[in-house]
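Comments concern the structure below.
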Protein chains: 2
Amino acid sequence: MAPGIDIEISEVGPRDGLQSIDRIMPLEAKKAWVAAEAAAGVPEIEVGSFVPAKILPQLADTAELVGFAKSIPNLTVAVLVPNFRGAENAVKAGADKITIPLSVSETHSLKNVRRTHAQMLDEVSRIVELINSLPASERPVFEGGLSTAFGCTLEGPIAEDVVVRLAEALMERGCSEVGLSDTTGYANPGQVKRLTKAVKAAVGDDKLTGLHLHNTRGVGLANVMAALEVGITTLDASLGGIGGCPFAPGASGNIVTEDLVYMLDSMGLKTGIDLERLLAVRSIVEEALPGEPLYGFTPDAGLPKGYPHGYLPAA
Amino acid sequence: MAPGIDIEISEVGPRDGLQSIDRIMPLEAKKAWVAAEAAAGVPEIEVGSFVPAKILPQLADTAELVGFAKSIPNLTVAVLVPNFRGAENAVKAGADKITIPLSVSETHSLKNVRRTHAQMLDEVSRIVELINSLPASERPVFEGGLSTAFGCTLEGPIAEDVVVRLAEALMERGCSEVGLSDTTGYANPGQVKRLTKAVKAAVGDDKLTGLHLHNTRGVGLANVMAALEVGITTLDASLGGIGGCPFAPGASGNIVTEDLVYMLDSMGLKTGIDLERLLAVRSIVEEALPGEPLYGFTPDAGLPKGYPHGYLPAA
């Protein structure tokens, strides 16, 4: 984490958002979006996913976007990979951080990527081998992302000890760190605290620092509050809340980056992000995807009078 | 608070919601709404406001609605009053709880009710005298509600010591309790904790138990999380999030009762409310006010598979 920052925001809109939208955003618009968010102070951006273009044509230009994003100083360029092949491409492109999702719900894993937990863990081992073959200075951070960790639309409740066991397995296979994803928007604040504590206890406090939370049932920022209390320091969010499987108009999936930054900022927690500049980035997405709904309360309501002076804690 | 309940929800939709909507909901629909929410387990409903009918014709039938609501067992029937005259009518109608708003921003108070703090406090004293003239068993709870406590659209930041001082003044004048209102949607979780603690320290832990929070900038439920941590046990909310000065479509003002109950429920905090029955109440409002936007994420997304089993804490 950069010095002077309390909480690191990882913008996932260009990956998680755009993969949920049928239209393809032109590469130039993606570059403008990534550049503008980085200029607003966003320290990490997940720019795409290395999946076959026939599955997600929206993200077919991920390698080029990684190349562009790498030219921006002080930006961590993150990508998602579903398998070893994807990781090879991510390494070739020069990504700083690679995340592989492992669905804690094996039913979901089989349906989504047609692989069991054991098969996914073998894939993880192959990726670790690839990364370890690189010179130390060129090795990306490799995160194992536990999806459906808070519940599954197919299986329903997910046993917390299965999440813990898979987190341990990912670390044993050689991941740098693990993350927890509320893929389905099932998480509640009590559960966020319990599960984060349990996984941290199993793999080490510094090996689980980030959560990917959704706002599907309106409790996204309440879950963030719970996460902060148990030492989470990296939070995923999406500009305008795009992506993350929205169910209906008005019901965003991902946490809205603008609202998250507003909340942290108003509490005096430093994100390094200039909120007014961040709000201005929306126009890039609006122009590139006309008519696409963007969510967020802060953009509609505007900033409080005198913001943020007077709202910050005294010390 | 009723036995077996951890958190008391006070539904303010029939007052705070309907006063923000130009159309007048027929009395029969209001009765159906109040009855259905009470039947779903909502323990307290603010059914209206005793203001002149020419100012708020939407609430002109408050006395009749209080009479009806009083016939429902185990329901606390709350009303708002702007002044002594309103309190007289509230007492006559038999309200269980009367709240008078006192705006911490004197600029706002002068603009809104054309009264200084001193004039408002004198009004409070007259109301206390009226209440104390009643037989003890007939005295309503009398709350002083500190509005704009977290910031004002006219004055900007509000000094916390002014909030504390006015809370003390309300108690000295004889209020039963005080409440804090985030009238403008300016509150953040850190501020909610600080201000609640400061006021509790000044007036007594049991004299500040309720907050009226908004979701204007999307942080309403995060503010609830902060409130729970400092011992708040009563929370205002509005069905479908209606009212509370929404700024724009999609940006609700009040906290959505359905999302609040979902969050508390999923954390294992007992509200006494049956969420599925509560969700069904929306249709009454939808039919009575066709086309009126109702907010809320949980109503759109639906309840998680297997809910709430498996999500509750073990103990």
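Going through the structure tokens in order, the chains are called A, B, and so on, while each chain numbers its residues from 1 and the ligands are numbered from 1 in the order shown.
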Mind checking which residues fall within 12 Å of B:Ala2, counting only C-alpha atoms, ignoring those fewer than 2 positions away in the same chain, and posting them as a list in words?
Gly4, Ile5, Asp6, Ile7, Glu8, Ile9, Gly41, Val42, Pro43, Glu44, Asn74, Leu75, Thr76, Thr233, Thr234, Lys270, Thr271, Gly272 and Ile273 of chain B
What are the residues of chain B that have an atom within 6 Å of an atom of chain A, counting only C-alpha atoms, as a VMD selection string?
chain B and resid 153 156 to 157 190 217 to 218 221 to 222 247 251 267 297 to 298 301 305 to 306 310
Using the selection just defined, write its residues with C-alpha atoms as a JSON list (two decimals), in the first residue's frame.
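To be explicit, this is the file written out as selection15.json:
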```json
[["chain", "number", "residue", "atom", "x", "y", "z"],
["B", 153, "THR", "CA", -27.56, 22.45, 3.73],
["B", 156, "GLY", "CA", -22.79, 23.45, 6.43],
["B", 157, "PRO", "CA", -20.97, 21.72, 9.31],
["B", 190, "GLY", "CA", -17.43, 8.07, 12.38],
["B", 217, "ARG", "CA", -25.39, 9.44, -0.11],
["B", 218, "GLY", "CA", -25.74, 5.67, 0.13],
["B", 221, "LEU", "CA", -26.95, 1.31, 6.59],
["B", 222, "ALA", "CA", -23.26, 1.90, 7.26],
["B", 247, "PHE", "CA", -32.70, 14.49, -4.59],
["B", 251, "ALA", "CA", -31.50, 8.38, -4.60],
["B", 267, "MET", "CA", -27.08, -10.57, 11.38],
["B", 297, "PHE", "CA", -32.42, -3.28, -2.97],
["B", 298, "THR", "CA", -33.78, -6.31, -1.13],
["B", 301, "ALA", "CA", -32.98, -8.83, -5.46],
["B", 305, "LYS", "CA", -31.51, -19.00, -1.07],
["B", 306, "GLY", "CA", -32.01, -20.74, 2.28],
["B", 310, "GLY", "CA", -27.17, -20.67, 7.89]]
```
Hey, what's within 7 Å of A:Ala149 if we count only C-alpha atoms and toss same-chain stuff fewer than 3 positions away? As a list in words, please?
Val104, Leu146, Ile158, Val163, Leu180, Ser181 and Asp182 of chain A
For A:Pro14, which residue among A:Ala40, A:Leu121, A:Leu211, A:Ala78 is the nearest when counting only C-alpha atoms?
A:Ala78
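Atom CA of B:Ile284 is positioned 6.2 Å from atom CA of B:Trp33.
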Secondary structure check, alpha helix (DSSP H) residues of stretch 214-308 of chain A, as a PDB file with N, CA and C atoms, in the first residue's frame:
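What landed in out22.pdb:
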```
ATOM      1  N   GLY A 220     -23.966  -3.169   1.125  1.00  0.00           N
ATOM      2  CA  GLY A 220     -22.561  -3.179   0.729  1.00  0.00           C
ATOM      3  C   GLY A 220     -21.672  -2.321   1.627  1.00  0.00           C
ATOM      4  N   LEU A 221     -22.080  -1.086   1.867  1.00  0.00           N
ATOM      5  CA  LEU A 221     -21.216  -0.208   2.664  1.00  0.00           C
ATOM      6  C   LEU A 221     -21.285  -0.550   4.145  1.00  0.00           C
ATOM      7  N   ALA A 222     -22.383  -1.145   4.584  1.00  0.00           N
ATOM      8  CA  ALA A 222     -22.442  -1.655   5.967  1.00  0.00           C
ATOM      9  C   ALA A 222     -21.457  -2.816   6.103  1.00  0.00           C
ATOM     10  N   ASN A 223     -21.362  -3.649   5.069  1.00  0.00           N
ATOM     11  CA  ASN A 223     -20.365  -4.722   5.084  1.00  0.00           C
ATOM     12  C   ASN A 223     -18.944  -4.162   5.085  1.00  0.00           C
ATOM     13  N   VAL A 224     -18.746  -3.062   4.392  1.00  0.00           N
ATOM     14  CA  VAL A 224     -17.431  -2.404   4.421  1.00  0.00           C
ATOM     15  C   VAL A 224     -17.091  -1.970   5.845  1.00  0.00           C
ATOM     16  N   MET A 225     -18.077  -1.392   6.540  1.00  0.00           N
ATOM     17  CA  MET A 225     -17.843  -0.978   7.933  1.00  0.00           C
ATOM     18  C   MET A 225     -17.392  -2.171   8.777  1.00  0.00           C
ATOM     19  N   ALA A 226     -18.051  -3.314   8.571  1.00  0.00           N
ATOM     20  CA  ALA A 226     -17.667  -4.525   9.305  1.00  0.00           C
ATOM     21  C   ALA A 226     -16.253  -4.943   8.920  1.00  0.00           C
ATOM     22  N   ALA A 227     -15.939  -4.863   7.638  1.00  0.00           N
ATOM     23  CA  ALA A 227     -14.620  -5.264   7.149  1.00  0.00           C
ATOM     24  C   ALA A 227     -13.517  -4.397   7.754  1.00  0.00           C
ATOM     25  N   LEU A 228     -13.779  -3.094   7.852  1.00  0.00           N
ATOM     26  CA  LEU A 228     -12.777  -2.184   8.413  1.00  0.00           C
ATOM     27  C   LEU A 228     -12.457  -2.554   9.857  1.00  0.00           C
ATOM     28  N   GLU A 229     -13.487  -3.003  10.556  1.00  0.00           N
ATOM     29  CA  GLU A 229     -13.296  -3.335  11.969  1.00  0.00           C
ATOM     30  C   GLU A 229     -12.414  -4.546  12.185  1.00  0.00           C
ATOM     31  N   THR A 257     -17.921   2.845  -6.443  1.00  0.00           N
ATOM     32  CA  THR A 257     -16.650   3.442  -6.013  1.00  0.00           C
ATOM     33  C   THR A 257     -16.858   4.832  -5.428  1.00  0.00           C
ATOM     34  N   GLU A 258     -17.694   5.620  -6.082  1.00  0.00           N
ATOM     35  CA  GLU A 258     -17.901   7.008  -5.641  1.00  0.00           C
ATOM     36  C   GLU A 258     -18.473   7.052  -4.214  1.00  0.00           C
ATOM     37  N   ASP A 259     -19.479   6.202  -3.929  1.00  0.00           N
ATOM     38  CA  ASP A 259     -20.075   6.192  -2.589  1.00  0.00           C
ATOM     39  C   ASP A 259     -19.087   5.669  -1.553  1.00  0.00           C
ATOM     40  N   LEU A 260     -18.301   4.663  -1.946  1.00  0.00           N
ATOM     41  CA  LEU A 260     -17.305   4.107  -1.020  1.00  0.00           C
ATOM     42  C   LEU A 260     -16.262   5.165  -0.667  1.00  0.00           C
ATOM     43  N   VAL A 261     -15.762   5.860  -1.679  1.00  0.00           N
ATOM     44  CA  VAL A 261     -14.752   6.892  -1.416  1.00  0.00           C
ATOM     45  C   VAL A 261     -15.367   8.011  -0.577  1.00  0.00           C
ATOM     46  N   TYR A 262     -16.603   8.379  -0.895  1.00  0.00           N
ATOM     47  CA  TYR A 262     -17.281   9.416  -0.090  1.00  0.00           C
ATOM     48  C   TYR A 262     -17.327   9.005   1.379  1.00  0.00           C
ATOM     49  N   MET A 263     -17.729   7.762   1.626  1.00  0.00           N
ATOM     50  CA  MET A 263     -17.874   7.306   3.013  1.00  0.00           C
ATOM     51  C   MET A 263     -16.536   7.322   3.743  1.00  0.00           C
ATOM     52  N   LEU A 264     -15.519   6.727   3.130  1.00  0.00           N
ATOM     53  CA  LEU A 264     -14.212   6.641   3.784  1.00  0.00           C
ATOM     54  C   LEU A 264     -13.640   8.031   4.019  1.00  0.00           C
ATOM     55  N   ASP A 265     -13.740   8.841   2.974  1.00  0.00           N
ATOM     56  CA  ASP A 265     -13.259  10.211   2.995  1.00  0.00           C
ATOM     57  C   ASP A 265     -13.916  11.001   4.125  1.00  0.00           C
ATOM     58  N   SER A 266     -15.231  10.892   4.239  1.00  0.00           N
ATOM     59  CA  SER A 266     -15.949  11.682   5.239  1.00  0.00           C
ATOM     60  C   SER A 266     -15.626  11.209   6.651  1.00  0.00           C
ATOM     61  N   LEU A 275     -12.167  12.924  -4.692  1.00  0.00           N
ATOM     62  CA  LEU A 275     -13.536  12.510  -4.989  1.00  0.00           C
ATOM     63  C   LEU A 275     -14.153  13.313  -6.138  1.00  0.00           C
ATOM     64  N   GLU A 276     -13.877  14.597  -6.190  1.00  0.00           N
ATOM     65  CA  GLU A 276     -14.461  15.396  -7.280  1.00  0.00           C
ATOM     66  C   GLU A 276     -13.916  14.961  -8.640  1.00  0.00           C
ATOM     67  N   ARG A 277     -12.633  14.644  -8.676  1.00  0.00           N
ATOM     68  CA  ARG A 277     -12.066  14.151  -9.951  1.00  0.00           C
ATOM     69  C   ARG A 277     -12.629  12.783 -10.287  1.00  0.00           C
ATOM     70  N   LEU A 278     -12.840  11.962  -9.252  1.00  0.00           N
ATOM     71  CA  LEU A 278     -13.416  10.633  -9.489  1.00  0.00           C
ATOM     72  C   LEU A 278     -14.823  10.760 -10.061  1.00  0.00           C
ATOM     73  N   LEU A 279     -15.621  11.654  -9.496  1.00  0.00           N
ATOM     74  CA  LEU A 279     -16.994  11.842  -9.984  1.00  0.00           C
ATOM     75  C   LEU A 279     -16.988  12.265 -11.463  1.00  0.00           C
ATOM     76  N   ALA A 280     -15.976  13.025 -11.847  1.00  0.00           N
ATOM     77  CA  ALA A 280     -15.901  13.495 -13.231  1.00  0.00           C
ATOM     78  C   ALA A 280     -15.609  12.362 -14.219  1.00  0.00           C
ATOM     79  N   VAL A 281     -15.053  11.241 -13.709  1.00  0.00           N
ATOM     80  CA  VAL A 281     -14.716  10.118 -14.599  1.00  0.00           C
ATOM     81  C   VAL A 281     -15.986   9.472 -15.171  1.00  0.00           C
ATOM     82  N   ARG A 282     -17.107   9.623 -14.449  1.00  0.00           N
ATOM     83  CA  ARG A 282     -18.360   9.034 -14.934  1.00  0.00           C
ATOM     84  C   ARG A 282     -18.687   9.464 -16.360  1.00  0.00           C
ATOM     85  N   SER A 283     -18.349  10.694 -16.700  1.00  0.00           N
ATOM     86  CA  SER A 283     -18.723  11.181 -18.031  1.00  0.00           C
ATOM     87  C   SER A 283     -18.028  10.381 -19.129  1.00  0.00           C
ATOM     88  N   ILE A 284     -16.836   9.856 -18.848  1.00  0.00           N
ATOM     89  CA  ILE A 284     -16.135   9.037 -19.849  1.00  0.00           C
ATOM     90  C   ILE A 284     -16.933   7.765 -20.125  1.00  0.00           C
ATOM     91  N   VAL A 285     -17.407   7.134 -19.067  1.00  0.00           N
ATOM     92  CA  VAL A 285     -18.178   5.895 -19.218  1.00  0.00           C
ATOM     93  C   VAL A 285     -19.536   6.193 -19.864  1.00  0.00           C
ATOM     94  N   GLU A 286     -20.153   7.292 -19.436  1.00  0.00           N
ATOM     95  CA  GLU A 286     -21.455   7.678 -20.004  1.00  0.00           C
ATOM     96  C   GLU A 286     -21.355   7.933 -21.508  1.00  0.00           C
ATOM     97  N   GLU A 287     -20.264   8.578 -21.921  1.00  0.00           N
ATOM     98  CA  GLU A 287     -20.120   8.884 -23.349  1.00  0.00           C
ATOM     99  C   GLU A 287     -19.794   7.644 -24.156  1.00  0.00           C
ATOM    100  N   ALA A 288     -19.027   6.720 -23.569  1.00  0.00           N
ATOM    101  CA  ALA A 288     -18.621   5.516 -24.302  1.00  0.00           C
ATOM    102  C   ALA A 288     -19.745   4.486 -24.351  1.00  0.00           C
ATOM    103  N   THR A 298     -24.114   9.327  -4.070  1.00  0.00           N
ATOM    104  CA  THR A 298     -23.336  10.554  -3.947  1.00  0.00           C
ATOM    105  C   THR A 298     -23.337  11.358  -5.252  1.00  0.00           C
ATOM    106  N   PRO A 299     -23.193  10.695  -6.407  1.00  0.00           N
ATOM    107  CA  PRO A 299     -23.235  11.469  -7.649  1.00  0.00           C
ATOM    108  C   PRO A 299     -24.561  12.214  -7.826  1.00  0.00           C
ATOM    109  N   ASP A 300     -25.680  11.611  -7.409  1.00  0.00           N
ATOM    110  CA  ASP A 300     -26.979  12.292  -7.526  1.00  0.00           C
ATOM    111  C   ASP A 300     -27.123  13.409  -6.499  1.00  0.00           C
ATOM    112  N   ALA A 301     -26.750  13.112  -5.263  1.00  0.00           N
ATOM    113  CA  ALA A 301     -27.002  14.066  -4.174  1.00  0.00           C
ATOM    114  C   ALA A 301     -25.968  15.185  -4.136  1.00  0.00           C
TER     115      ALA A 301
END
```
